[in-house]
file target-v5.cif (mmCIF, C-alpha atoms)
data_structure
loop_
_atom_site.label_atom_id
_atom_site.label_comp_id
_atom_site.auth_asym_id
_atom_site.auth_seq_id
_atom_site.Cartn_x
_atom_site.Cartn_y
_atom_site.Cartn_z
CA MET A 1 0.00 0.00 0.00
CA SER A 2 1.43 3.37 -0.90
CA GLU A 3 1.96 5.86 1.91
CA PRO A 4 -0.17 8.98 1.86
CA LEU A 5 1.51 11.96 0.38
CA SER A 6 2.44 14.69 2.82
CA PRO A 7 1.07 18.12 2.02
CA PRO A 8 3.47 20.31 0.11
CA ARG A 9 5.49 22.78 2.16
CA ILE A 10 4.50 26.36 1.66
CA ALA A 11 7.08 29.07 2.16
CA PRO A 12 6.06 31.58 4.85
CA THR A 13 4.63 34.74 3.46
CA ARG A 14 6.25 37.96 4.79
CA THR A 15 3.27 40.22 4.76
CA PRO A 16 3.62 43.99 5.26
CA GLU A 17 2.06 43.62 8.72
CA PHE A 18 4.68 41.02 9.63
CA GLU A 19 7.48 43.26 8.42
CA GLN A 20 6.15 46.13 10.53
CA ARG A 21 5.97 43.97 13.64
CA LEU A 22 9.49 42.71 13.01
CA LYS A 23 10.83 46.25 12.66
CA ARG A 24 9.11 47.33 15.86
CA ARG A 25 10.60 44.37 17.74
CA TYR A 26 14.10 45.15 16.51
CA ALA A 27 13.58 48.81 17.38
CA ARG A 28 12.56 47.86 20.94
CA GLU A 29 15.66 45.70 21.27
CA ARG A 30 17.86 48.58 20.09
CA ARG A 31 16.19 50.98 22.52
CA PHE A 32 16.62 48.50 25.37
CA LYS A 33 20.34 48.11 24.58
CA ALA A 34 20.74 51.88 24.35
CA LEU A 35 19.00 52.36 27.70
CA GLY A 36 21.21 49.72 29.31
CA MET A 37 24.36 51.27 27.88
CA GLY A 38 23.16 54.72 28.95
CA ALA A 39 22.59 53.48 32.49
CA VAL A 40 26.13 52.05 32.61
CA ILE A 41 27.65 55.25 31.21
CA PHE A 42 25.65 57.38 33.66
CA SER A 43 26.75 55.25 36.61
CA VAL A 44 30.39 55.39 35.57
CA ALA A 45 30.17 59.16 35.00
CA VAL A 46 28.68 59.72 38.46
CA LEU A 47 31.40 57.55 40.02
CA ILE A 48 34.16 59.39 38.15
CA PHE A 49 32.65 62.76 39.13
CA LEU A 50 32.48 61.71 42.79
CA LEU A 51 36.05 60.41 42.86
CA ALA A 52 37.40 63.41 40.95
CA ASN A 53 35.60 65.82 43.27
CA MET A 54 36.96 64.08 46.36
CA ILE A 55 40.50 63.92 44.96
CA VAL A 56 40.53 67.57 43.83
CA ASN A 57 39.24 68.76 47.20
CA GLY A 58 41.43 66.30 49.05
CA ILE A 59 44.66 67.53 47.44
CA GLY A 60 44.40 70.70 49.50
CA GLY A 61 43.77 68.62 52.60
CA PHE A 62 47.15 66.94 52.21
CA GLN A 63 48.86 70.33 52.25
CA ARG A 64 49.30 73.03 54.86
CA THR A 65 50.55 76.60 54.83
CA VAL A 66 54.02 76.98 56.32
CA MET A 67 56.46 79.81 57.02
CA GLU A 68 60.25 79.71 56.77
CA VAL A 69 61.55 80.93 60.14
CA PRO A 70 65.31 81.28 60.87
CA VAL A 71 66.21 80.67 64.52
CA ASP A 72 69.56 81.68 66.03
CA PHE A 73 70.66 79.37 68.87
CA THR A 74 74.17 80.76 69.32
CA SER A 75 73.40 83.11 72.19
CA VAL A 76 70.39 81.53 73.91
CA GLY A 77 72.18 78.82 75.84
CA LEU A 78 69.78 75.95 75.13
CA THR A 79 71.03 72.49 76.08
CA VAL A 80 69.64 69.01 75.66
CA ASP A 81 70.91 65.72 77.06
CA PRO A 82 71.15 63.15 74.23
CA SER A 83 70.58 60.35 76.76
CA MET A 84 67.15 61.66 77.74
CA GLU A 85 63.96 60.16 76.39
CA PRO A 86 62.35 62.24 73.59
CA THR A 87 59.35 63.22 75.72
CA ALA A 88 61.52 64.30 78.65
CA ALA A 89 63.88 66.17 76.31
CA MET A 90 60.99 68.12 74.80
CA ARG A 91 59.72 69.04 78.25
CA SER A 92 63.21 70.23 79.10
CA LEU A 93 63.34 72.44 76.00
CA GLU A 94 59.89 73.80 76.80
CA GLY A 95 61.04 74.66 80.31
CA GLN A 96 64.07 76.50 78.88
CA GLY A 97 61.74 78.78 76.91
CA LEU A 98 62.08 77.36 73.39
CA ALA A 99 58.63 78.68 72.41
CA ASP A 100 59.62 82.25 73.31
CA ILE A 101 62.95 81.85 71.49
CA VAL A 102 61.17 80.81 68.28
CA THR A 103 58.75 83.74 68.55
CA PHE A 104 61.57 86.23 69.25
CA SER A 105 63.61 84.97 66.28
CA ALA A 106 60.57 85.28 64.00
CA GLU A 107 59.99 88.86 65.22
CA GLN A 108 63.61 89.79 64.51
CA ARG A 109 63.66 88.34 60.99
CA LEU A 110 60.05 88.64 59.75
CA GLY A 111 58.44 91.31 61.85
CA GLU A 112 56.12 91.30 64.82
CA GLU A 113 52.94 90.93 62.72
CA ALA A 114 54.27 87.88 60.88
CA ALA A 115 55.62 86.32 64.09
CA ALA A 116 52.16 86.58 65.65
CA GLN A 117 50.79 84.35 62.87
CA ILE A 118 53.07 81.40 63.60
CA ASN A 119 51.15 78.47 65.02
CA THR A 120 51.26 78.33 68.80
CA GLN A 121 52.42 74.71 68.69
CA ALA A 122 55.10 75.28 66.04
CA TRP A 123 57.87 75.18 68.66
CA ARG A 124 57.20 71.46 69.06
CA ILE A 125 58.43 70.88 65.52
CA VAL A 126 61.64 72.73 66.37
CA ALA A 127 61.96 70.71 69.58
CA GLU A 128 61.50 67.40 67.74
CA GLN A 129 64.24 68.29 65.26
CA ILE A 130 66.58 69.38 68.06
CA VAL A 131 65.99 66.12 69.97
CA THR A 132 66.72 64.18 66.78
CA ASN A 133 69.79 66.28 65.93
CA PRO A 134 71.25 68.18 68.96
CA SER A 135 73.90 69.77 66.73
CA LEU A 136 71.24 72.24 65.56
CA LEU A 137 71.86 74.18 68.78
CA GLN A 138 75.29 75.25 67.52
CA GLY A 139 74.17 77.88 65.00
CA THR A 140 71.37 79.49 63.01
CA HIS A 141 68.96 77.21 61.18
CA THR A 142 65.79 77.77 59.19
CA PHE A 143 62.71 75.76 60.18
CA THR A 144 59.54 75.21 58.20
CA LEU A 145 56.76 75.93 60.69
CA PRO A 146 52.96 75.85 60.29
CA THR A 147 51.16 79.17 60.36
CA SER A 148 47.98 80.06 62.17
CA ASP A 149 44.70 79.03 60.64
CA ASP A 150 43.82 82.68 59.95
CA LEU A 151 46.95 83.31 57.91
CA ALA A 152 46.50 80.03 56.04
CA ALA A 153 42.97 81.07 55.07
CA ALA A 154 44.20 84.51 54.01
CA TYR A 155 46.92 82.91 51.87
CA ASP A 156 44.20 80.91 50.09
CA GLY A 157 42.28 84.11 49.38
CA ALA A 158 39.67 83.74 52.10
CA GLY A 159 39.40 84.49 55.80
CA GLN A 160 40.26 87.88 57.25
CA ALA A 161 40.82 90.57 54.61
CA SER A 162 43.24 92.40 56.93
CA LEU A 163 45.69 89.48 56.76
CA GLN A 164 45.69 89.07 52.99
CA PRO A 165 48.24 91.87 52.36
CA LEU A 166 50.57 90.26 54.91
CA ALA A 167 50.11 86.87 53.25
CA ARG A 168 50.93 88.35 49.82
CA GLU A 169 54.00 90.14 51.19
CA LEU A 170 55.36 87.02 52.87
CA ALA A 171 54.65 84.96 49.76
CA GLU A 172 56.55 87.47 47.60
CA GLN A 173 59.49 87.19 50.01
CA GLY A 174 59.42 83.42 49.53
CA VAL A 175 58.91 82.60 53.20
CA LEU A 176 55.19 81.64 52.97
CA HIS A 177 53.96 78.75 50.84
CA ASP A 178 52.02 75.50 50.84
CA GLU A 179 53.77 72.14 51.15
CA PHE A 180 52.80 68.50 51.38
CA ASP A 181 51.88 67.70 54.96
CA SER A 182 53.27 64.23 55.58
CA GLY A 183 52.30 64.59 59.23
CA PHE A 184 48.63 64.40 58.26
CA LEU A 185 49.09 60.64 58.00
CA THR A 186 50.97 60.35 61.30
CA ARG A 187 49.21 62.78 63.66
CA SER A 188 45.90 62.45 65.49
CA ASP A 189 42.96 64.78 65.97
CA ALA A 190 43.41 68.40 67.05
CA THR A 191 41.39 71.59 67.33
CA ASP A 192 43.52 73.40 64.73
CA PRO A 193 43.16 72.28 61.07
CA GLN A 194 46.86 73.05 60.58
CA LEU A 195 47.76 70.40 63.16
CA VAL A 196 45.18 67.65 62.65
CA GLY A 197 46.05 64.17 61.46
CA ILE A 198 44.27 61.00 60.47
CA TRP A 199 46.49 58.31 62.00
CA GLY A 200 44.52 58.04 65.25
CA ALA A 201 41.25 57.40 63.42
CA LEU A 202 42.91 55.13 60.86
CA LYS A 203 44.49 52.99 63.58
CA GLY A 204 41.15 52.87 65.38
CA SER A 205 39.48 51.63 62.19
CA ILE A 206 42.15 48.96 61.71
CA LEU A 207 41.80 47.68 65.28
CA THR A 208 37.99 47.72 65.05
CA MET A 209 38.03 45.82 61.74
CA ILE A 210 40.39 43.21 63.22
CA VAL A 211 37.96 42.55 66.06
CA THR A 212 35.00 42.49 63.66
CA LEU A 213 36.62 40.06 61.23
CA SER A 214 38.01 37.83 63.99
CA LEU A 215 34.50 37.28 65.38
CA ALA A 216 32.12 37.57 62.43
CA PHE A 217 34.01 35.45 59.90
CA PRO A 218 34.60 32.18 61.83
CA ILE A 219 31.25 32.29 63.65
CA GLY A 220 29.36 33.15 60.47
CA VAL A 221 31.03 30.42 58.40
CA LEU A 222 30.57 27.77 61.10
CA ALA A 223 26.91 28.74 61.50
CA ALA A 224 26.40 28.45 57.74
CA LEU A 225 28.09 25.05 57.65
CA TYR A 226 25.93 23.75 60.47
CA LEU A 227 22.67 25.05 58.98
CA GLU A 228 23.48 23.71 55.53
CA GLU A 229 25.16 20.40 56.32
CA TYR A 230 24.08 19.20 59.75
CA ALA A 231 20.95 20.98 61.01
CA PRO A 232 17.71 18.94 60.76
CA ARG A 233 14.95 20.39 58.60
CA ASN A 234 12.25 21.30 61.08
CA ARG A 235 10.31 24.27 62.40
CA TRP A 236 13.13 25.53 64.62
CA THR A 237 15.59 25.57 61.74
CA ASP A 238 13.10 27.52 59.63
CA ILE A 239 12.72 30.08 62.43
CA ILE A 240 16.49 30.47 62.68
CA GLU A 241 16.82 30.96 58.91
CA VAL A 242 14.07 33.58 58.84
CA SER A 243 15.65 35.36 61.81
CA ILE A 244 19.05 35.50 60.11
CA ASN A 245 17.50 36.90 56.92
CA ASN A 246 15.65 39.53 58.95
CA LEU A 247 18.79 40.49 60.90
CA ALA A 248 20.60 41.21 57.64
CA ALA A 249 18.01 43.92 56.90
CA VAL A 250 17.85 45.49 60.37
CA PRO A 251 19.03 49.15 60.46
CA SER A 252 22.53 49.46 61.81
CA ILE A 253 21.53 51.81 64.62
CA ILE A 254 19.59 48.92 66.20
CA PHE A 255 22.86 47.03 66.58
CA GLY A 256 24.28 50.15 68.21
CA LEU A 257 21.48 50.04 70.76
CA LEU A 258 22.25 46.38 71.36
CA GLY A 259 25.93 47.14 71.87
CA LEU A 260 25.03 49.96 74.24
CA ALA A 261 22.68 47.75 76.27
CA VAL A 262 24.80 44.57 76.36
CA PHE A 263 28.50 45.12 75.70
CA LEU A 264 28.83 48.39 77.61
CA TRP A 265 26.87 46.83 80.45
CA ILE A 266 29.36 43.94 80.56
CA PHE A 267 32.44 46.15 79.92
CA PRO A 268 31.53 49.60 81.30
CA ASN A 269 35.16 50.77 81.38
CA TYR A 270 35.76 50.15 77.65
CA ARG A 271 33.45 52.80 76.24
CA SER A 272 34.60 54.03 72.80
CA ALA A 273 37.19 51.22 72.62
CA PRO A 274 37.84 49.23 69.41
CA LEU A 275 36.87 46.08 71.33
CA ILE A 276 33.29 47.30 71.89
CA GLY A 277 33.08 48.77 68.39
CA GLY A 278 34.30 45.51 66.85
CA LEU A 279 31.80 43.44 68.85
CA THR A 280 28.95 45.70 67.76
CA LEU A 281 29.93 45.66 64.09
CA ALA A 282 30.48 41.88 64.23
CA LEU A 283 26.82 41.43 65.18
CA MET A 284 25.82 43.58 62.21
CA THR A 285 28.13 41.80 59.75
CA MET A 286 27.51 38.21 60.83
CA PRO A 287 24.07 37.73 59.13
CA VAL A 288 25.49 38.88 55.78
CA ILE A 289 28.36 36.39 56.06
CA VAL A 290 25.99 33.56 57.07
CA ILE A 291 23.69 34.16 54.09
CA SER A 292 26.50 34.44 51.54
CA ALA A 293 28.29 31.40 53.01
CA ARG A 294 25.14 29.28 52.80
CA ASN A 295 24.64 30.25 49.17
CA ALA A 296 28.28 29.44 48.39
CA ILE A 297 27.97 26.05 50.10
CA LYS A 298 24.79 25.26 48.16
CA ALA A 299 26.62 26.04 44.91
CA VAL A 300 29.11 23.18 45.47
CA PRO A 301 28.00 20.29 43.17
CA PRO A 302 26.48 17.30 45.01
CA SER A 303 28.88 15.05 43.11
CA ILE A 304 31.72 16.43 45.25
CA ARG A 305 29.99 15.21 48.39
CA ASP A 306 29.04 11.86 46.88
CA GLY A 307 32.53 11.25 45.51
CA ALA A 308 34.19 12.06 48.84
CA LEU A 309 31.81 9.81 50.77
CA ALA A 310 32.29 7.03 48.22
CA ILE A 311 36.04 6.86 48.83
CA GLY A 312 35.54 6.64 52.60
CA ALA A 313 35.74 10.23 53.83
CA SER A 314 33.82 11.03 57.00
CA PRO A 315 31.12 13.74 56.94
CA VAL A 316 33.48 16.12 58.75
CA GLN A 317 36.25 15.44 56.23
CA VAL A 318 33.80 16.03 53.39
CA VAL A 319 32.89 19.42 54.82
CA PHE A 320 36.33 20.73 55.73
CA HIS A 321 38.47 19.04 53.03
CA HIS A 322 36.17 19.43 50.03
CA ILE A 323 33.09 21.61 50.47
CA LEU A 324 34.57 24.49 52.46
CA PRO A 325 37.63 25.02 50.20
CA LEU A 326 35.40 25.05 47.11
CA ALA A 327 32.90 27.44 48.73
CA LEU A 328 35.57 29.78 50.11
CA PRO A 329 35.61 32.20 47.12
CA GLY A 330 31.87 32.83 47.48
CA ILE A 331 32.23 33.15 51.25
CA LEU A 332 34.96 35.76 50.82
CA THR A 333 32.71 37.71 48.44
CA GLY A 334 30.06 37.99 51.14
CA THR A 335 32.71 38.87 53.68
CA ILE A 336 33.92 41.72 51.45
CA ILE A 337 30.40 43.14 51.30
CA GLY A 338 29.88 42.83 55.05
CA MET A 339 33.24 44.33 56.01
CA ALA A 340 32.85 47.21 53.55
CA ARG A 341 29.49 48.02 55.13
CA ALA A 342 31.00 47.82 58.61
CA LEU A 343 33.92 50.06 57.65
CA GLY A 344 31.60 52.88 56.62
CA GLU A 345 29.19 52.72 59.54
CA THR A 346 28.80 55.58 61.99
CA ALA A 347 25.33 55.16 63.55
CA PRO A 348 26.09 52.14 65.79
CA LEU A 349 29.43 53.62 66.83
CA LEU A 350 27.79 56.90 67.83
CA LEU A 351 25.76 55.08 70.45
CA ILE A 352 28.75 53.37 72.05
CA GLY A 353 30.71 56.63 72.34
CA MET A 354 33.28 56.35 69.54
CA ARG A 355 32.83 60.01 68.62
CA ALA A 356 35.19 61.14 71.36
CA PHE A 357 38.02 63.60 70.75
CA VAL A 358 41.08 61.34 70.66
CA ALA A 359 44.39 63.22 70.48
CA THR A 360 46.56 60.11 70.99
CA PRO A 361 46.43 57.02 68.76
CA PRO A 362 45.13 53.92 70.56
CA SER A 363 47.82 51.47 71.58
CA GLY A 364 45.48 48.49 72.03
CA PHE A 365 41.96 47.15 71.64
CA THR A 366 40.79 48.61 74.96
CA ASP A 367 42.04 52.20 74.57
CA ASN A 368 39.79 55.10 73.64
CA ALA A 369 39.58 55.46 69.89
CA THR A 370 37.54 56.74 67.00
CA VAL A 371 37.21 55.49 63.41
CA LEU A 372 37.58 57.10 60.00
CA PRO A 373 33.85 57.61 59.22
CA MET A 374 33.33 59.15 62.64
CA GLN A 375 36.35 61.43 62.20
CA ILE A 376 34.97 62.57 58.85
CA PHE A 377 31.60 63.22 60.47
CA LEU A 378 33.18 65.28 63.25
CA TRP A 379 35.33 67.35 60.90
CA SER A 380 32.43 68.01 58.52
CA ASP A 381 30.56 69.59 61.44
CA GLU A 382 33.34 72.13 62.11
CA ILE A 383 32.73 75.70 61.02
CA ASP A 384 36.41 76.38 60.32
CA ARG A 385 37.08 76.44 56.57
CA GLY A 386 40.37 74.60 57.03
CA PHE A 387 38.52 71.46 58.08
CA VAL A 388 36.67 71.29 54.74
CA GLU A 389 39.78 70.27 52.84
CA ARG A 390 40.90 68.01 55.70
CA THR A 391 37.53 66.25 55.52
CA SER A 392 37.99 65.57 51.79
CA ALA A 393 41.51 64.27 52.44
CA ALA A 394 40.15 61.95 55.15
CA ILE A 395 37.55 60.65 52.68
CA VAL A 396 40.35 59.87 50.22
CA VAL A 397 42.20 57.97 52.95
CA LEU A 398 39.01 56.03 53.77
CA LEU A 399 38.50 55.10 50.10
CA VAL A 400 42.11 53.97 49.76
CA PHE A 401 41.80 51.89 52.94
CA LEU A 402 38.59 50.33 51.61
CA LEU A 403 40.20 49.55 48.25
CA LEU A 404 43.21 47.95 49.91
CA MET A 405 41.01 45.84 52.18
CA ASN A 406 38.81 44.74 49.28
CA GLY A 407 41.83 44.14 47.07
CA LEU A 408 43.29 41.76 49.64
CA ALA A 409 39.98 39.91 49.91
CA ILE A 410 39.65 39.67 46.10
CA TYR A 411 43.20 38.33 45.87
CA LEU A 412 42.43 35.65 48.46
CA ARG A 413 39.18 34.80 46.70
CA ASN A 414 40.94 34.34 43.36
CA ARG A 415 43.75 32.44 45.07
CA PHE A 416 41.38 29.79 46.43
CA GLU A 417 38.97 29.73 43.49
CA LYS A 418 38.54 26.38 41.79
CA ARG A 419 36.54 25.53 38.68
CA TRP A 420 34.70 22.34 37.93
#
call {"tool": "encode", "arguments": {"input": "target-v5.cif", "output": "structure tokens"}}
result
Amino acid sequence: MSEPLSPPRIAPTRTPEFEQRLKRRYARERRFKALGMGAVIFSVAVLIFLLANMIVNGIGGFQRTVMEVPVDFTSVGLTVDPSMEPTAAMRSLEGQGLADIVTFSAEQRLGEEAAAQINTQAWRIVAEQIVTNPSLLQGTHTFTLPTSDDLAAAYDGAGQASLQPLARELAEQGVLHDEFDSGFLTRSDATDPQLVGIWGALKGSILTMIVTLSLAFPIGVLAALYLEEYAPRNRWTDIIEVSINNLAAVPSIIFGLLGLAVFLWIFPNYRSAPLIGGLTLALMTMPVIVISARNAIKAVPPSIRDGALAIGASPVQVVFHHILPLALPGILTGTIIGMARALGETAPLLLIGMRAFVATPPSGFTDNATVLPMQIFLWSDEIDRGFVERTSAAIVVLLVFLLLMNGLAIYLRNRFEKRW
């Protein structure tokens, strides 16, 4: 019996209506691509504008106005014992009237009006150089000393109009100029923008982040491993999972209230210490690490578990020898996000007292300290114009610190990354 003939194939007809629909679909695709590209370009432009604005404003923050002051030590009779400790030697020089000697020398060489605009703490710079090199007391030497904030503002074209002619005259003489202030990275907070530094806040941030990472990372990873690999699937586990997800979305100031009510109650003498700040930020960061670690553990193929169990590995060996190393890149990604959020937080640290004026860098985890975001917040609230540029410079330091921290985490993530 012959098979029935199949109907002949008819070529599709491209009607004018079909062509119009096809053109409209292609046009929508082109518009969607253009919108996506525009969104990317806009985001990059905003980021570049923000970074450029911070860098341009921050350049002035890394400089300070200084005056060249010659000081004659030949007839003043200053002495310093090289065997003395630096602090004791500086006190000795202060007791011998070094501050008055510097002021008198400036009056003799630059005039009384110019000498009055030398920073009141400038003699400490002279004392530090003398302690380092006692031979300076044998002759006349020129020191680069910071000016008062008023003269610095006048030199920039702002501030008191009465000081601007003096600033122009000293600049024409070559004794007044701006220079890179390397001490900005080594000094701590001060009331004068000519004398402030960022090292105290930077060291406080480093100590706080060490405490945060030391607690949040191991506890968060172990909690994720237990919930994903060992915890039974029941109502209590569901409640714990929902609670962790909710904690990740809780406003940071709530964790500050928790730190105020719990940690400062347990350690009342460690207010504004990196230990308390790190404990508070660890609570805030831990849910983010737990969630990202669980997702990274879920992404490990089941065949890895089955293969390890098939060759005789115990469940603990499967977790720590196979699953955890493969999930570590994803875990580090979540850790980067959590630590970056913790580094920029100010609200929880306000409540535990880390907005204190700290003129000496902390030497340990229990000393009084502040952090970079809090220092930026405090300086931005100052009415003195000199703090505006210092605030921008502090923001640049914070961004560099964040990039270095994230760069280290990205390097570790790529170092342990494995493909299957």
call {"tool": "closest_residue", "arguments": {"input": "target-v5.cif", "among": "A:Asn246, A:Gln173, A:Thr191, A:Asn295", "to": "Trp379 in chain A", "atoms": "all atoms listed in the file"}}
result
A:Thr191
call {"tool": "resolve_selection", "arguments": {"input": "target-v5.cif", "expression": "the PyMOL selection byres ((chain A and resi 248) around 10)", "output": "PyMOL selection string"}}
result
chain A and resi 243-247+249-252+283-291+338
call {"tool": "atom_distance", "arguments": {"input": "target-v5.cif", "atom1": "CA of Thr144 in chain A", "atom2": "CA of Met67 in chain A"}}
result
5.7 Å
call {"tool": "residues_around", "arguments": {"input": "target-v5.cif", "residues": "Pro86 in chain A", "least_positions_apart": "3", "cutoff": "10 Å", "atoms": "all atoms listed in the file", "output": "MDAnalysis selection string"}}
result
chainID A and resid 81:83 89:92 127:128 130:132
call {"tool": "closest_atom_pairs", "arguments": {"input": "target-v5.cif", "of": "range 52-95 of chain A", "to": "range 397-403 of chain A", "cutoff": "12 Å", "atoms": "all atoms listed in the file", "output": "Markdown table"}}
result
| residue | atom | partner | partner_atom | distance |
| --- | --- | --- | --- | --- |
| A:Met54 | CA | A:Leu399 | CA | 9.8 |
| A:Ile55 | CA | A:Val397 | CA | 10.1 |
| A:Gly58 | CA | A:Val397 | CA | 9.2 |
| A:Ile59 | CA | A:Val397 | CA | 11.3 |
| A:Gly61 | CA | A:Val397 | CA | 10.8 |
| A:Phe62 | CA | A:Val397 | CA | 10.3 |
call {"tool": "closest_residue", "arguments": {"input": "target-v5.cif", "among": "A:Val69, A:Val371, A:Ile331, A:Ile266", "to": "Lys203 in chain A", "atoms": "all atoms listed in the file"}}
result
A:Val371
call {"tool": "closest_residue", "arguments": {"input": "target-v5.cif", "among": "A:Lys33, A:Thr360, A:Asn368, A:Gly334", "to": "Asn406 in chain A", "atoms": "all atoms listed in the file"}}
result
A:Gly334
call {"tool": "resolve_selection", "arguments": {"input": "target-v5.cif", "expression": "the PyMOL selection byres ((chain A and resi 282) around 12)", "output": "number ranges by chain"}}
result
A: 208-220, 248, 252, 255-256, 258-259, 274-281, 283-290, 335, 338-339, 341-343, 345, 348
call {"tool": "resolve_selection", "arguments": {"input": "target-v5.cif", "expression": "the PyMOL selection byres ((chain A and resi 193) around 12)", "output": "compact mmCIF listing (two decimals) with C-alpha atoms, in the coordinates of the input"}}
result
# COMPACT_ATOMS: atom_id res chain seq x y z
CA GLY A 60 44.40 70.70 49.50
CA GLY A 61 43.77 68.62 52.60
CA PHE A 62 47.15 66.94 52.21
CA GLN A 63 48.86 70.33 52.25
CA ARG A 64 49.30 73.03 54.86
CA THR A 65 50.55 76.60 54.83
CA ASN A 119 51.15 78.47 65.02
CA PRO A 146 52.96 75.85 60.29
CA THR A 147 51.16 79.17 60.36
CA SER A 148 47.98 80.06 62.17
CA ASP A 149 44.70 79.03 60.64
CA ASP A 150 43.82 82.68 59.95
CA ALA A 152 46.50 80.03 56.04
CA ALA A 153 42.97 81.07 55.07
CA ASP A 181 51.88 67.70 54.96
CA PHE A 184 48.63 64.40 58.26
CA ARG A 187 49.21 62.78 63.66
CA SER A 188 45.90 62.45 65.49
CA ASP A 189 42.96 64.78 65.97
CA ALA A 190 43.41 68.40 67.05
CA THR A 191 41.39 71.59 67.33
CA ASP A 192 43.52 73.40 64.73
CA GLN A 194 46.86 73.05 60.58
CA LEU A 195 47.76 70.40 63.16
CA VAL A 196 45.18 67.65 62.65
CA GLY A 197 46.05 64.17 61.46
CA ILE A 198 44.27 61.00 60.47
CA TRP A 379 35.33 67.35 60.90
CA SER A 380 32.43 68.01 58.52
CA GLU A 382 33.34 72.13 62.11
CA ILE A 383 32.73 75.70 61.02
CA ASP A 384 36.41 76.38 60.32
CA ARG A 385 37.08 76.44 56.57
CA GLY A 386 40.37 74.60 57.03
CA PHE A 387 38.52 71.46 58.08
CA VAL A 388 36.67 71.29 54.74
CA GLU A 389 39.78 70.27 52.84
CA ARG A 390 40.90 68.01 55.70
CA THR A 391 37.53 66.25 55.52
CA ALA A 393 41.51 64.27 52.44
call {"tool": "atom_distance", "arguments": {"input": "target-v5.cif", "atom1": "CA of Glu107 in chain A", "atom2": "CA of Gly139 in chain A"}}
result
17.9 Å
call {"tool": "atom_distance", "arguments": {"input": "target-v5.cif", "atom1": "CA of Leu351 in chain A", "atom2": "CA of Ala261 in chain A"}}
result
9.9 Å
call {"tool": "residues_near_point", "arguments": {"input": "target-v5.cif", "point": "(68.9, 78.8, 56.9)", "cutoff": "9 Å", "atoms": "all atoms listed in the file", "output": "list in words"}}
result
Glu68, Val69, Pro70, Val71, Thr140, His141, Thr142 and Phe143 of chain A
call {"tool": "residues_around", "arguments": {"input": "target-v5.cif", "residues": "Leu412 in chain A", "least_positions_apart": "5", "cutoff": "12 Å", "atoms": "all atoms listed in the file", "output": "ChimeraX atom specification"}}
result
/A:325,328-333,335-336,405-407,417
call {"tool": "residues_around", "arguments": {"input": "target-v5.cif", "residues": "Gly111 in chain A", "least_positions_apart": "6", "cutoff": "12 Å", "atoms": "only C-alpha atoms", "output": "number ranges by chain"}}
result
A: 69, 103-105, 117-118, 166, 169-170
call {"tool": "axis_aligned_box", "arguments": {"input": "target-v5.cif", "around": "range 270-281 of chain A", "padding_each_side": "3 Å", "output": "lines of an AutoDock Vina configuration file"}}
result
center_x = 33.4
center_y = 48.7
center_z = 70.9
size_x = 14.9
size_y = 16.6
size_z = 19.6
call {"tool": "closest_residue", "arguments": {"input": "target-v5.cif", "among": "A:Leu163, A:Phe377, A:Phe263, A:Ala201", "to": "Leu185 in chain A", "atoms": "all atoms listed in the file"}}
result
A:Ala201
call {"tool": "decode", "arguments": {"input": "target-v5.cif", "residues": "range 39-48 of chain A", "atoms": "N, CA and C atoms", "output": "PDB file, in the first residue's frame"}}
result
ATOM      1  N   ALA A  39      22.556  53.635  31.034  1.00  0.00           N
ATOM      2  CA  ALA A  39      22.593  53.481  32.489  1.00  0.00           C
ATOM      3  C   ALA A  39      24.009  53.194  32.964  1.00  0.00           C
ATOM      4  N   VAL A  40      24.738  52.353  32.239  1.00  0.00           N
ATOM      5  CA  VAL A  40      26.127  52.053  32.615  1.00  0.00           C
ATOM      6  C   VAL A  40      26.991  53.298  32.505  1.00  0.00           C
ATOM      7  N   ILE A  41      26.843  54.037  31.401  1.00  0.00           N
ATOM      8  CA  ILE A  41      27.651  55.245  31.210  1.00  0.00           C
ATOM      9  C   ILE A  41      27.327  56.273  32.290  1.00  0.00           C
ATOM     10  N   PHE A  42      26.036  56.424  32.622  1.00  0.00           N
ATOM     11  CA  PHE A  42      25.648  57.380  33.656  1.00  0.00           C
ATOM     12  C   PHE A  42      26.245  56.985  35.007  1.00  0.00           C
ATOM     13  N   SER A  43      26.197  55.699  35.340  1.00  0.00           N
ATOM     14  CA  SER A  43      26.750  55.248  36.615  1.00  0.00           C
ATOM     15  C   SER A  43      28.251  55.486  36.683  1.00  0.00           C
ATOM     16  N   VAL A  44      28.942  55.172  35.595  1.00  0.00           N
ATOM     17  CA  VAL A  44      30.395  55.389  35.568  1.00  0.00           C
ATOM     18  C   VAL A  44      30.720  56.875  35.658  1.00  0.00           C
ATOM     19  N   ALA A  45      29.931  57.709  34.966  1.00  0.00           N
ATOM     20  CA  ALA A  45      30.172  59.156  35.003  1.00  0.00           C
ATOM     21  C   ALA A  45      29.973  59.719  36.408  1.00  0.00           C
ATOM     22  N   VAL A  46      28.916  59.257  37.096  1.00  0.00           N
ATOM     23  CA  VAL A  46      28.681  59.724  38.464  1.00  0.00           C
ATOM     24  C   VAL A  46      29.821  59.289  39.378  1.00  0.00           C
ATOM     25  N   LEU A  47      30.287  58.040  39.205  1.00  0.00           N
ATOM     26  CA  LEU A  47      31.399  57.550  40.022  1.00  0.00           C
ATOM     27  C   LEU A  47      32.667  58.354  39.762  1.00  0.00           C
ATOM     28  N   ILE A  48      32.961  58.618  38.486  1.00  0.00           N
ATOM     29  CA  ILE A  48      34.157  59.395  38.153  1.00  0.00           C
ATOM     30  C   ILE A  48      34.051  60.811  38.714  1.00  0.00           C
TER      31      ILE A  48
END
